[in-house]
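Listing of structure-v2.txt, compact mmCIF, C-alpha atoms (C1' of nucleotides)
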```txt
# COMPACT_ATOMS: atom_id res chain seq x y z
CA MET X 90 -116.88 97.08 -78.35
CA PRO X 91 -118.00 93.84 -79.89
CA TYR X 92 -115.71 91.70 -77.71
CA PRO X 93 -115.01 93.33 -74.34
CA ALA X 94 -112.58 91.59 -71.99
CA LYS X 95 -114.32 88.88 -70.01
CA THR X 96 -111.40 88.03 -67.78
CA ASN X 97 -107.81 88.89 -66.86
CA SER X 98 -104.55 87.19 -65.93
CA GLU X 99 -105.20 87.20 -62.20
CA GLU X 100 -108.59 85.60 -62.53
CA ILE X 101 -107.23 83.00 -64.91
CA LEU X 102 -104.50 82.10 -62.44
CA GLN X 103 -106.98 81.97 -59.61
CA VAL X 104 -109.28 79.56 -61.41
CA ALA X 105 -106.34 77.53 -62.70
CA LEU X 106 -105.19 77.13 -59.13
CA GLU X 107 -108.61 75.88 -58.09
CA LEU X 108 -108.64 73.37 -60.91
CA LEU X 109 -105.14 72.19 -60.10
CA GLU X 110 -105.86 71.67 -56.44
CA GLN X 111 -109.05 69.84 -57.24
CA ASP X 112 -107.23 67.43 -59.50
CA ALA X 113 -104.03 68.04 -61.43
CA SER X 114 -105.27 66.23 -64.50
CA SER X 115 -108.27 68.52 -64.75
CA LEU X 116 -106.08 71.49 -65.53
CA SER X 117 -106.39 71.66 -69.30
CA MET X 118 -106.75 74.77 -71.40
CA ARG X 119 -110.21 73.67 -72.48
CA ASN X 120 -111.35 72.97 -68.96
CA LEU X 121 -109.90 76.17 -67.64
CA ALA X 122 -111.58 78.20 -70.36
CA GLU X 123 -114.92 76.60 -69.67
CA ARG X 124 -114.73 77.53 -66.01
CA LEU X 125 -113.98 81.09 -67.04
CA ASP X 126 -116.84 81.09 -69.49
CA ILE X 127 -114.64 81.80 -72.45
CA LYS X 128 -113.27 79.64 -75.24
CA ALA X 129 -109.89 77.97 -75.00
CA PRO X 130 -108.13 79.97 -77.72
CA SER X 131 -108.79 83.20 -75.80
CA LEU X 132 -106.45 82.03 -73.05
CA TYR X 133 -103.51 82.40 -75.37
CA LYS X 134 -103.98 86.17 -75.30
CA TYR X 135 -102.97 86.06 -71.63
CA PHE X 136 -100.44 83.24 -71.52
CA ALA X 137 -98.18 82.25 -74.40
CA ASP X 138 -98.73 78.54 -73.73
CA LYS X 139 -99.60 76.13 -70.99
CA GLU X 140 -96.05 76.08 -69.73
CA ALA X 141 -96.14 79.82 -69.07
CA LEU X 142 -99.33 79.42 -67.10
CA GLU X 143 -97.85 76.61 -65.04
CA LEU X 144 -94.76 78.62 -64.26
CA ALA X 145 -96.98 81.40 -62.98
CA LEU X 146 -98.73 78.84 -60.77
CA VAL X 147 -95.38 77.65 -59.46
CA GLU X 148 -94.50 81.22 -58.54
CA GLU X 149 -97.81 81.54 -56.70
CA GLY X 150 -97.30 78.22 -54.97
CA ALA X 151 -93.80 79.03 -53.85
CA LEU X 152 -95.01 82.30 -52.40
CA ALA X 153 -97.89 80.59 -50.58
CA LEU X 154 -95.57 77.99 -49.10
CA TYR X 155 -93.06 80.63 -48.08
CA ARG X 156 -95.72 82.66 -46.31
CA THR X 157 -97.06 79.62 -44.54
CA LEU X 158 -93.64 78.66 -43.29
CA GLU X 159 -92.70 82.15 -42.27
CA LYS X 160 -95.91 82.60 -40.37
CA ALA X 161 -95.44 79.31 -38.57
CA ALA X 162 -91.83 79.87 -37.55
CA GLN X 163 -91.58 83.59 -36.93
CA THR X 164 -91.06 84.86 -33.40
CA LEU X 165 -90.18 81.38 -32.19
CA LYS X 166 -86.83 80.39 -30.80
CA THR X 167 -84.57 78.24 -32.91
CA ARG X 168 -85.60 74.84 -31.66
CA GLU X 169 -89.30 75.59 -31.64
CA ALA X 170 -89.03 77.32 -35.01
CA PHE X 171 -87.42 74.19 -36.40
CA PHE X 172 -90.35 71.97 -35.40
CA ALA X 173 -92.99 74.52 -36.33
CA PHE X 174 -91.40 74.94 -39.74
CA ALA X 175 -91.34 71.21 -40.36
CA ARG X 176 -94.90 70.73 -39.20
CA ALA X 177 -96.14 73.58 -41.38
CA TYR X 178 -94.22 72.25 -44.36
CA ILE X 179 -95.72 68.79 -44.11
CA GLU X 180 -99.14 70.24 -43.51
CA PHE X 181 -98.87 72.30 -46.67
CA ALA X 182 -97.88 69.23 -48.66
CA ARG X 183 -100.81 67.35 -47.14
CA GLU X 184 -103.45 69.97 -47.73
CA ARG X 185 -102.43 71.20 -51.13
CA PRO X 186 -100.83 68.10 -52.59
CA GLU X 187 -101.32 68.90 -56.26
CA LEU X 188 -99.95 72.40 -55.90
CA TYR X 189 -97.06 71.09 -53.84
CA THR X 190 -96.27 68.46 -56.46
CA LEU X 191 -96.27 70.97 -59.30
CA LEU X 192 -94.14 73.25 -57.22
CA MET X 193 -91.46 70.72 -56.45
CA THR X 194 -91.52 69.35 -59.98
CA LYS X 195 -90.89 72.66 -61.65
CA LEU X 196 -88.98 74.62 -59.06
CA THR X 197 -85.36 74.43 -60.13
CA PRO X 198 -82.71 77.13 -59.71
CA ALA X 199 -83.25 77.97 -63.37
CA THR X 200 -86.96 78.46 -62.74
CA GLN X 201 -86.38 80.18 -59.46
CA ASP X 202 -88.04 83.47 -59.36
CA SER X 203 -88.11 85.56 -56.23
CA SER X 204 -90.41 83.21 -54.32
CA GLY X 205 -88.23 80.19 -54.91
CA LYS X 206 -85.18 82.04 -53.69
CA MET X 207 -86.97 83.31 -50.61
CA LEU X 208 -87.99 79.77 -49.85
CA TRP X 209 -84.49 78.41 -50.12
CA ASN X 210 -82.99 81.27 -48.13
CA PHE X 211 -85.51 80.71 -45.39
CA VAL X 212 -84.61 77.04 -45.04
CA LEU X 213 -80.94 77.92 -45.19
CA LYS X 214 -81.16 80.50 -42.42
CA LEU X 215 -83.23 78.33 -40.15
CA ILE X 216 -80.97 75.34 -40.45
CA SER X 217 -77.85 77.44 -40.16
CA LYS X 218 -79.07 78.65 -36.79
CA ILE X 219 -79.40 75.05 -35.72
CA THR X 220 -75.91 74.09 -36.82
CA ARG X 221 -74.44 77.47 -35.95
CA LYS X 222 -72.72 77.60 -39.32
CA PRO X 223 -73.53 80.49 -41.64
CA ASP X 224 -74.90 79.28 -44.98
CA ASP X 225 -74.80 75.63 -44.09
CA THR X 226 -75.86 74.42 -47.52
CA ALA X 227 -75.20 70.75 -46.84
CA ALA X 228 -77.42 70.68 -43.77
CA ALA X 229 -80.17 72.60 -45.55
CA VAL X 230 -80.05 70.16 -48.45
CA ALA X 231 -80.30 67.23 -46.07
CA PHE X 232 -83.16 68.73 -44.10
CA TRP X 233 -85.18 69.69 -47.15
CA SER X 234 -84.59 66.25 -48.64
CA PHE X 235 -86.03 64.64 -45.56
CA LEU X 236 -89.10 66.85 -45.48
CA HIS X 237 -89.75 66.41 -49.17
CA GLY X 238 -89.27 62.67 -49.08
CA TYR X 239 -91.52 62.29 -46.09
CA GLY X 240 -94.23 64.42 -47.68
CA VAL X 241 -94.11 62.48 -50.91
CA LEU X 242 -94.07 59.02 -49.35
CA GLU X 243 -96.83 59.81 -46.92
CA ARG X 244 -99.02 60.95 -49.77
CA SER X 245 -98.12 58.00 -51.98
CA GLY X 246 -99.59 55.69 -49.39
CA MET X 247 -96.28 53.91 -49.09
CA PHE X 248 -96.59 53.63 -45.35
CA GLY X 249 -99.90 51.82 -45.52
CA GLU X 250 -102.95 51.98 -43.36
CA SER X 251 -100.96 51.98 -40.18
CA GLY X 252 -99.32 55.19 -41.32
CA PRO X 253 -95.76 56.40 -40.90
CA LYS X 254 -95.85 55.72 -37.17
CA GLY X 255 -93.80 58.55 -35.80
CA GLY X 256 -91.34 58.65 -38.67
CA LEU X 257 -91.56 62.42 -38.97
CA GLU X 258 -90.84 63.09 -35.32
CA VAL X 259 -88.02 60.58 -35.17
CA GLY X 260 -86.42 62.07 -38.27
CA LEU X 261 -86.67 65.61 -36.97
CA GLU X 262 -85.17 64.68 -33.63
CA ALA X 263 -82.37 62.84 -35.37
CA PHE X 264 -81.52 65.92 -37.40
CA LEU X 265 -81.71 68.19 -34.41
CA LYS X 266 -79.45 65.97 -32.39
CA GLY X 267 -77.25 64.60 -35.12
CA LEU X 268 -76.39 67.53 -37.35
CA PRO X 269 -72.82 68.66 -36.72
CA LYS X 270 -72.74 71.97 -34.85
CA SER X 271 -70.03 74.57 -34.59
CA ARG X 272 -68.49 75.83 -31.34
CA MET N 73 -99.74 27.80 -88.16
CA PRO N 74 -100.70 30.97 -89.90
CA TYR N 75 -99.82 33.17 -86.92
CA PRO N 76 -97.10 31.63 -84.76
CA ALA N 77 -96.12 33.46 -81.57
CA LYS N 78 -93.62 36.19 -82.29
CA THR N 79 -92.94 37.11 -78.71
CA ASN N 80 -93.72 36.32 -75.07
CA SER N 81 -94.35 38.07 -71.77
CA GLU N 82 -90.73 38.15 -70.70
CA GLU N 83 -89.53 39.69 -73.91
CA ILE N 84 -92.31 42.26 -73.80
CA LEU N 85 -91.33 43.24 -70.27
CA GLN N 86 -87.69 43.39 -71.24
CA VAL N 87 -88.30 45.75 -74.14
CA ALA N 88 -90.79 47.77 -72.13
CA LEU N 89 -88.11 48.26 -69.50
CA GLU N 90 -85.69 49.50 -72.14
CA LEU N 91 -88.24 51.95 -73.46
CA LEU N 92 -89.05 53.17 -69.99
CA GLU N 93 -85.46 53.75 -69.01
CA GLN N 94 -84.77 55.54 -72.26
CA ASP N 95 -87.65 57.91 -71.65
CA ALA N 96 -90.78 57.29 -69.63
CA SER N 97 -93.01 59.05 -72.13
CA SER N 98 -91.89 56.72 -74.88
CA LEU N 99 -93.54 53.76 -73.23
CA SER N 100 -96.78 53.51 -75.18
CA MET N 101 -98.45 50.35 -76.38
CA ARG N 102 -97.91 51.39 -79.98
CA ASN N 103 -94.26 52.17 -79.46
CA LEU N 104 -93.67 49.01 -77.53
CA ALA N 105 -95.32 46.90 -80.19
CA GLU N 106 -93.24 48.48 -82.90
CA ARG N 107 -90.03 47.64 -81.09
CA LEU N 108 -91.22 44.06 -80.80
CA ASP N 109 -92.12 43.97 -84.46
CA ILE N 110 -95.76 43.22 -83.79
CA LYS N 111 -98.90 45.32 -83.87
CA ALA N 112 -100.25 47.03 -80.79
CA PRO N 113 -103.42 44.97 -80.37
CA SER N 114 -101.35 41.80 -80.03
CA LEU N 115 -99.96 43.06 -76.74
CA TYR N 116 -103.35 42.66 -75.13
CA LYS N 117 -103.00 38.90 -75.44
CA TYR N 118 -100.18 39.10 -72.90
CA PHE N 119 -101.26 41.94 -70.65
CA ALA N 120 -104.84 42.92 -69.93
CA ASP N 121 -104.06 46.61 -70.18
CA LYS N 122 -101.25 49.08 -69.77
CA GLU N 123 -101.69 49.19 -66.03
CA ALA N 124 -101.00 45.46 -65.76
CA LEU N 125 -97.83 45.87 -67.76
CA GLU N 126 -96.67 48.73 -65.57
CA LEU N 127 -97.31 46.76 -62.42
CA ALA N 128 -95.14 43.99 -63.79
CA LEU N 129 -92.43 46.56 -64.43
CA VAL N 130 -92.74 47.81 -60.86
CA GLU N 131 -92.27 44.27 -59.61
CA GLU N 132 -89.14 43.94 -61.76
CA GLY N 133 -87.85 47.28 -60.60
CA ALA N 134 -88.38 46.52 -56.94
CA LEU N 135 -86.52 43.27 -57.35
CA ALA N 136 -83.64 44.97 -59.15
CA LEU N 137 -83.36 47.61 -56.45
CA TYR N 138 -83.53 45.01 -53.72
CA ARG N 139 -80.75 42.97 -55.29
CA THR N 140 -78.59 46.03 -55.75
CA LEU N 141 -79.00 47.05 -52.13
CA GLU N 142 -78.46 43.57 -50.79
CA LYS N 143 -75.33 43.11 -52.83
CA ALA N 144 -73.97 46.44 -51.64
CA ALA N 145 -74.64 45.92 -47.97
CA GLN N 146 -74.16 42.20 -47.41
CA THR N 147 -71.20 40.98 -45.36
CA LEU N 148 -70.55 44.49 -44.08
CA LYS N 149 -70.79 45.52 -40.47
CA THR N 150 -73.70 47.66 -39.40
CA ARG N 151 -72.15 51.06 -39.82
CA GLU N 152 -70.49 50.28 -43.13
CA ALA N 153 -73.61 48.51 -44.36
CA PHE N 154 -75.59 51.64 -43.57
CA PHE N 155 -73.43 53.84 -45.77
CA ALA N 156 -73.07 51.26 -48.52
CA PHE N 157 -76.82 50.82 -48.60
CA ALA N 158 -77.45 54.54 -48.86
CA ARG N 159 -74.84 55.01 -51.55
CA ALA N 160 -76.21 52.12 -53.60
CA TYR N 161 -79.75 53.41 -53.21
CA ILE N 162 -78.89 56.88 -54.49
CA GLU N 163 -76.83 55.40 -57.28
CA PHE N 164 -79.77 53.31 -58.41
CA ALA N 165 -82.03 56.37 -58.44
CA ARG N 166 -79.39 58.24 -60.42
CA GLU N 167 -78.70 55.59 -63.01
CA ARG N 168 -82.22 54.32 -63.58
CA PRO N 169 -84.26 57.41 -62.85
CA GLU N 170 -87.32 56.54 -64.90
CA LEU N 171 -87.58 53.07 -63.44
CA TYR N 172 -87.01 54.43 -59.97
CA THR N 173 -89.73 57.03 -60.45
CA LEU N 174 -92.27 54.49 -61.68
CA LEU N 175 -91.31 52.24 -58.82
CA MET N 176 -91.83 54.81 -56.11
CA THR N 177 -94.97 56.14 -57.73
CA LYS N 178 -96.73 52.80 -57.87
CA LEU N 179 -95.24 50.91 -54.98
CA THR N 180 -97.81 51.10 -52.21
CA PRO N 181 -98.57 48.43 -49.63
CA ALA N 182 -101.60 47.54 -51.71
CA THR N 183 -99.40 47.03 -54.73
CA GLN N 184 -96.71 45.37 -52.73
CA ASP N 185 -95.83 42.05 -54.16
CA SER N 186 -92.98 40.01 -52.79
CA SER N 187 -90.26 42.37 -54.03
CA GLY N 188 -91.78 45.38 -52.39
CA LYS N 189 -92.02 43.60 -49.10
CA MET N 190 -88.47 42.34 -49.31
CA LEU N 191 -87.35 45.89 -49.94
CA TRP N 192 -89.16 47.27 -46.93
CA ASN N 193 -88.02 44.46 -44.68
CA PHE N 194 -84.45 45.03 -45.74
CA VAL N 195 -84.57 48.69 -44.82
CA LEU N 196 -86.31 47.85 -41.58
CA LYS N 197 -83.71 45.30 -40.52
CA LEU N 198 -80.78 47.49 -41.41
CA ILE N 199 -82.07 50.51 -39.55
CA SER N 200 -83.17 48.42 -36.59
CA LYS N 201 -79.60 47.24 -36.20
CA ILE N 202 -78.52 50.85 -36.05
CA THR N 203 -81.06 51.82 -33.43
CA ARG N 204 -80.91 48.46 -31.67
CA LYS N 205 -84.68 48.30 -31.64
CA PRO N 206 -86.39 45.38 -33.35
CA ASP N 207 -88.78 46.55 -36.06
CA ASP N 208 -88.05 50.22 -35.62
CA THR N 209 -90.67 51.36 -38.10
CA ALA N 210 -90.38 55.03 -37.27
CA ALA N 211 -86.65 55.12 -37.89
CA ALA N 212 -87.03 53.16 -41.12
CA VAL N 213 -89.69 55.57 -42.34
CA ALA N 214 -87.46 58.53 -41.53
CA PHE N 215 -84.43 57.02 -43.22
CA TRP N 216 -86.26 56.02 -46.37
CA SER N 217 -87.89 59.43 -46.52
CA PHE N 218 -84.50 61.08 -46.48
CA LEU N 219 -83.06 58.85 -49.18
CA HIS N 220 -86.08 59.23 -51.40
CA GLY N 221 -86.24 62.99 -50.97
CA TYR N 222 -82.57 63.37 -51.67
CA GLY N 223 -82.78 61.21 -54.79
CA VAL N 224 -85.75 63.11 -56.13
CA LEU N 225 -84.40 66.58 -55.45
CA GLU N 226 -80.99 65.80 -56.84
CA ARG N 227 -82.58 64.63 -60.06
CA SER N 228 -84.98 67.54 -60.24
CA GLY N 229 -82.02 69.87 -60.45
CA MET N 230 -83.25 71.68 -57.37
CA PHE N 231 -79.73 72.00 -56.01
CA GLY N 232 -78.44 73.77 -59.07
CA GLU N 233 -75.14 73.61 -60.86
CA SER N 234 -73.17 73.67 -57.66
CA GLY N 235 -74.89 70.46 -56.65
CA PRO N 236 -76.08 69.29 -53.26
CA LYS N 237 -72.70 70.03 -51.69
CA GLY N 238 -72.36 67.24 -49.21
CA GLY N 239 -76.01 67.12 -48.26
CA LEU N 240 -76.15 63.34 -48.56
CA GLU N 241 -73.20 62.72 -46.29
CA VAL N 242 -74.32 65.26 -43.72
CA GLY N 243 -77.79 63.74 -43.63
CA LEU N 244 -76.49 60.21 -43.26
CA GLU N 245 -74.16 61.20 -40.44
CA ALA N 246 -76.98 63.03 -38.72
CA PHE N 247 -79.14 59.93 -38.80
CA LEU N 248 -76.38 57.70 -37.63
CA LYS N 249 -75.57 59.96 -34.72
CA GLY N 250 -79.01 61.32 -33.97
CA LEU N 251 -81.37 58.36 -34.16
CA PRO N 252 -82.39 57.26 -30.67
CA LYS N 253 -80.72 53.99 -29.73
CA SER N 254 -81.69 51.43 -27.18
CA ARG N 255 -79.48 50.15 -24.34
C1' DG L 199 -110.23 90.22 -76.98
C1' DT L 200 -113.46 86.81 -78.39
C1' DC L 201 -115.12 83.71 -81.41
C1' DT L 202 -115.62 79.35 -84.80
C1' DA L 203 -113.31 75.96 -87.11
C1' DT L 204 -109.71 73.10 -87.38
C1' DA L 205 -105.13 71.35 -87.32
C1' DA L 206 -102.00 67.83 -85.63
C1' DA L 207 -100.74 64.66 -82.49
C1' DT L 208 -101.30 61.42 -79.03
C1' DA L 209 -103.15 57.76 -76.40
C1' DG L 210 -105.61 53.18 -74.87
C1' DA L 211 -108.45 49.82 -76.32
C1' DT L 212 -111.91 46.65 -79.16
C1' DA L 213 -114.07 43.86 -83.20
C1' DG L 214 -113.57 40.45 -86.03
C1' DA L 215 -111.04 38.07 -89.93
C1' DC L 216 -107.43 34.57 -90.54
C1' DG G 23 -101.61 34.74 -81.66
C1' DT G 24 -101.53 38.17 -85.19
C1' DC G 25 -103.52 41.09 -88.14
C1' DT G 26 -106.33 45.33 -90.25
C1' DA G 27 -109.51 48.67 -89.37
C1' DT G 28 -111.52 51.55 -86.31
C1' DC G 29 -113.45 53.71 -82.15
C1' DT G 30 -113.14 57.00 -78.61
C1' DA G 31 -111.13 60.33 -76.15
C1' DT G 32 -107.88 63.54 -75.13
C1' DT G 33 -104.73 67.26 -75.64
C1' DT G 34 -102.19 71.87 -77.09
C1' DA G 35 -102.27 75.18 -80.32
C1' DT G 36 -103.19 78.17 -84.69
C1' DA G 37 -105.84 80.77 -88.53
C1' DG G 38 -108.69 84.13 -89.44
C1' DA G 39 -113.37 86.45 -89.04
C1' DC G 40 -115.61 90.01 -86.14
```
I'd like the structure from this file rewritten - as structure tokens, please.
Amino acid sequence: MPYPAKTNSEEILQVALELLEQDASSLSMRNLAERLDIKAPSLYKYFADKEALELALVEEGALALYRTLEKAAQTLKTREAFFAFARAYIEFARERPELYTLLMTKLTPATQDSSGKMLWNFVLKLISKITRKPDDTAAAVAFWSFLHGYGVLERSGMFGESGPKGGLEVGLEAFLKGLPKSR
Amino acid sequence: MPYPAKTNSEEILQVALELLEQDASSLSMRNLAERLDIKAPSLYKYFADKEALELALVEEGALALYRTLEKAAQTLKTREAFFAFARAYIEFARERPELYTLLMTKLTPATQDSSGKMLWNFVLKLISKITRKPDDTAAAVAFWSFLHGYGVLERSGMFGESGPKGGLEVGLEAFLKGLPKSR
DNA sequence: GTCTATAAATAGATAGAC
DNA sequence: GTCTATCTATTTATAGAC
């Protein structure tokens, strides 16, 4: 065989993920190929275009986030699960900011593969336990909005050197106390 | 005069704003120059580089948002001002999404010119009236996080065809009821 | 499946004449 | 202040040989 396979889809995704997390702008087909020790055109045998590769990364990211959240909240009682979930969510956004950004930029219901749906269902169930309403979409939307906004603004440096000064905790407590509950 | 001035900084900013709001990716120096009926290099007599131009746009955007919010909330009592503010904020993000995105991407305390500070102070005062704590930074951070997150996710299409289903209202009520208040 | 060569497009920015 | 000409750098993607 004159040209035996030098890589495979999984490895490509793995290295792409490393590049992305290092610096989103470094994820180019050229750059990726170089890291894999192949030439850029070869990548197109594995992924139709860059978009396809990014969607695969989003799927991976959604799964990673889901697992992180599940691990953090499982076995805990509702109230503790709520805080653990939120903490883990923000931590994920902090530690893997480029992956998180790609994820939230490309994860729409249309894009939503299994991981995206699992993620949404997990938030929905957790929050519904808090409000004691099955499938409390409105509360889940509100809660996710808060977490996402906080994660984004914290990273943007909007809150300055002094930091967000307890904004996360205050917001979480407000939701816990203020969300309308059945019964 | 062989080469009389064909434009000025204000006009450049005006047209740049139009381009941006039409489509963020259409805001290139070339494109901008064409719309102004000059050649691209001439722009560098007015702005040192693209970054400088964008910062000027951020300043404009922050001022526009501030005016919108102030107009919406002024003369109203605390509770009504709170809802009017939130509604106006989300409406701004909806109607001028590209400007809003640039704004929130580049508006950090380091960047913060007068408009940015006015914006933050306005949020801070409003929310401090709700919680009855002077300079309640934590509550302001939480509130702004929620609004920003909601605006972003709504635009991203994350909530799907069915829409956010009352998530905004539920979140606002939760804050109003759940934020810790003095006295 | 890998390669070389190249297309095709884009961008920001500078030099120097007028 | 405006212009022409150009530099420099980047990207995604395809054609076709091996």
Taking all listed atoms of range 205-215 of chain L, build the axis-aligned box, pad each of the six sides by 5 Å, then write its centre and edge lengths in Å to one decimal as lines of an AutoDock Vina configuration file.
```
center_x = -107.4
center_y = 54.7
center_z = -82.4
size_x = 23.3
size_y = 43.3
size_z = 25.1
```
TODO: Restrict the distance test to all atoms listed in the file, flag each residue of chain N within 6 Å of chain X, and return the flagged residues as a VMD selection string.
DONE: chain N and resid 180 to 181 210 to 211 213 to 214 217 to 218 220 to 222 229 to 230 232 237 to 239 243 246 to 247 249 to 251
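CA of Lys117 in chain N is found 7.6 Å from C1' of DG23 in chain G.
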- [ ] Write out as a list in words every residue belonging to chain G that has an atom at most 10 Å from any atom of chain X, counting only C-alpha atoms (C1' of nucleotides).
- [x]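 Here they are: DT33, DT34, DA35, DT36 and DC40 of chain G.
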- [ ] Around the point (-115.3, 54.2, -81.8) in the file's coordinates, collect all residues with an atom within 10 Å, using all atoms listed in the file, and return them as number ranges by chain.
- [x] L: 211-212; G: 28-31
Okay, now the selection with C-alpha atoms (C1' of nucleotides), as a compact mmCIF listing (two decimals), in the coordinates of the input?
```txt
# COMPACT_ATOMS: atom_id res chain seq x y z
C1' DA L 211 -108.45 49.82 -76.32
C1' DT L 212 -111.91 46.65 -79.16
C1' DT G 28 -111.52 51.55 -86.31
C1' DC G 29 -113.45 53.71 -82.15
C1' DT G 30 -113.14 57.00 -78.61
C1' DA G 31 -111.13 60.33 -76.15
```
TODO: Would you please work out which residue, of X:Gln103, X:Ser131, X:Ser114, X:Thr190, is nearest to chain L when using all atoms listed in the file?
DONE: X:Ser131
Near chain X, which residues of chain L fall within 10 Å when you count all atoms listed in the file, and what do they look like as a PDB file with C-alpha atoms (C1' of nucleotides), keeping the file's coordinate frame?
```
ATOM      1  C1'  DG L 199    -110.230  90.220 -76.980  1.00  0.00           C
ATOM      2  C1'  DT L 200    -113.460  86.810 -78.390  1.00  0.00           C
ATOM      3  C1'  DC L 201    -115.120  83.710 -81.410  1.00  0.00           C
ATOM      4  C1'  DT L 202    -115.620  79.350 -84.800  1.00  0.00           C
TER       5       DT L 202
END
```
Open item on the list: As an exercise, work out the distance from CA of Ala170 in chain X to CA of Ser251 in chain X in Å and give it to one decimal place.
Closed with: 28.5 Å
Open item on the list: Between CA of Leu175 in chain N and CA of Val130 in chain N, what distance in Å does the model show, to one decimal?
Closed with: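 CA of Val130 in chain N lies at a distance of 5.1 Å from CA of Leu175 in chain N.
Considering the residues X:Glu143, X:Ala137, X:Arg221, X:Leu154 and counting all atoms listed in the file, Pro186 in chain X has its shortest atom-to-atom contact with X:Leu154.
Considering the residues N:Lys197, N:Glu170, N:Glu131, N:Ile202 and counting only C-alpha atoms, Ser98 in chain N has its shortest atom-to-atom contact with N:Glu170.
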Save range 163-175 of chain X of the structure in the block above to a file, with N, CA, C and O atoms included, as a short mmCIF file (atom, residue, chain, number, x, y, z; two decimals), in the first residue's frame.
```cif
data_model
loop_
_atom_site.label_atom_id
_atom_site.label_comp_id
_atom_site.auth_asym_id
_atom_site.auth_seq_id
_atom_site.Cartn_x
_atom_site.Cartn_y
_atom_site.Cartn_z
N GLN X 163 -25.83 13.89 40.67
CA GLN X 163 -26.45 12.60 40.98
C GLN X 163 -26.36 12.27 42.47
O GLN X 163 -25.44 12.68 43.15
N THR X 164 -27.30 11.54 42.93
CA THR X 164 -27.39 11.08 44.32
C THR X 164 -27.69 12.19 45.33
O THR X 164 -27.96 11.91 46.49
N LEU X 165 -27.64 13.43 44.88
CA LEU X 165 -27.92 14.51 45.83
C LEU X 165 -29.42 14.80 45.89
O LEU X 165 -30.16 14.54 44.95
N LYS X 166 -29.83 15.38 47.01
CA LYS X 166 -31.22 15.78 47.11
C LYS X 166 -31.44 17.06 46.31
O LYS X 166 -30.48 17.77 45.99
N THR X 167 -32.66 17.35 46.04
CA THR X 167 -33.03 18.41 45.10
C THR X 167 -32.26 19.71 45.31
O THR X 167 -31.64 20.22 44.40
N ARG X 168 -32.32 20.23 46.51
CA ARG X 168 -31.69 21.51 46.77
C ARG X 168 -30.17 21.45 46.58
O ARG X 168 -29.59 22.33 45.93
N GLU X 169 -29.56 20.43 47.09
CA GLU X 169 -28.11 20.28 46.94
C GLU X 169 -27.74 20.02 45.47
O GLU X 169 -26.73 20.52 44.97
N ALA X 170 -28.58 19.24 44.81
CA ALA X 170 -28.34 18.94 43.39
C ALA X 170 -28.38 20.23 42.57
O ALA X 170 -27.58 20.42 41.66
N PHE X 171 -29.29 21.08 42.92
CA PHE X 171 -29.45 22.37 42.24
C PHE X 171 -28.15 23.19 42.31
O PHE X 171 -27.63 23.66 41.28
N PHE X 172 -27.59 23.31 43.49
CA PHE X 172 -26.35 24.08 43.64
C PHE X 172 -25.16 23.38 43.01
O PHE X 172 -24.31 24.01 42.38
N ALA X 173 -25.11 22.07 43.19
CA ALA X 173 -23.99 21.31 42.62
C ALA X 173 -24.00 21.40 41.10
O ALA X 173 -22.96 21.56 40.46
N PHE X 174 -25.18 21.31 40.54
CA PHE X 174 -25.35 21.44 39.09
C PHE X 174 -24.84 22.79 38.62
O PHE X 174 -24.03 22.88 37.70
N ALA X 175 -25.29 23.84 39.27
CA ALA X 175 -24.91 25.19 38.87
C ALA X 175 -23.40 25.40 38.99
O ALA X 175 -22.76 25.95 38.09
#
```
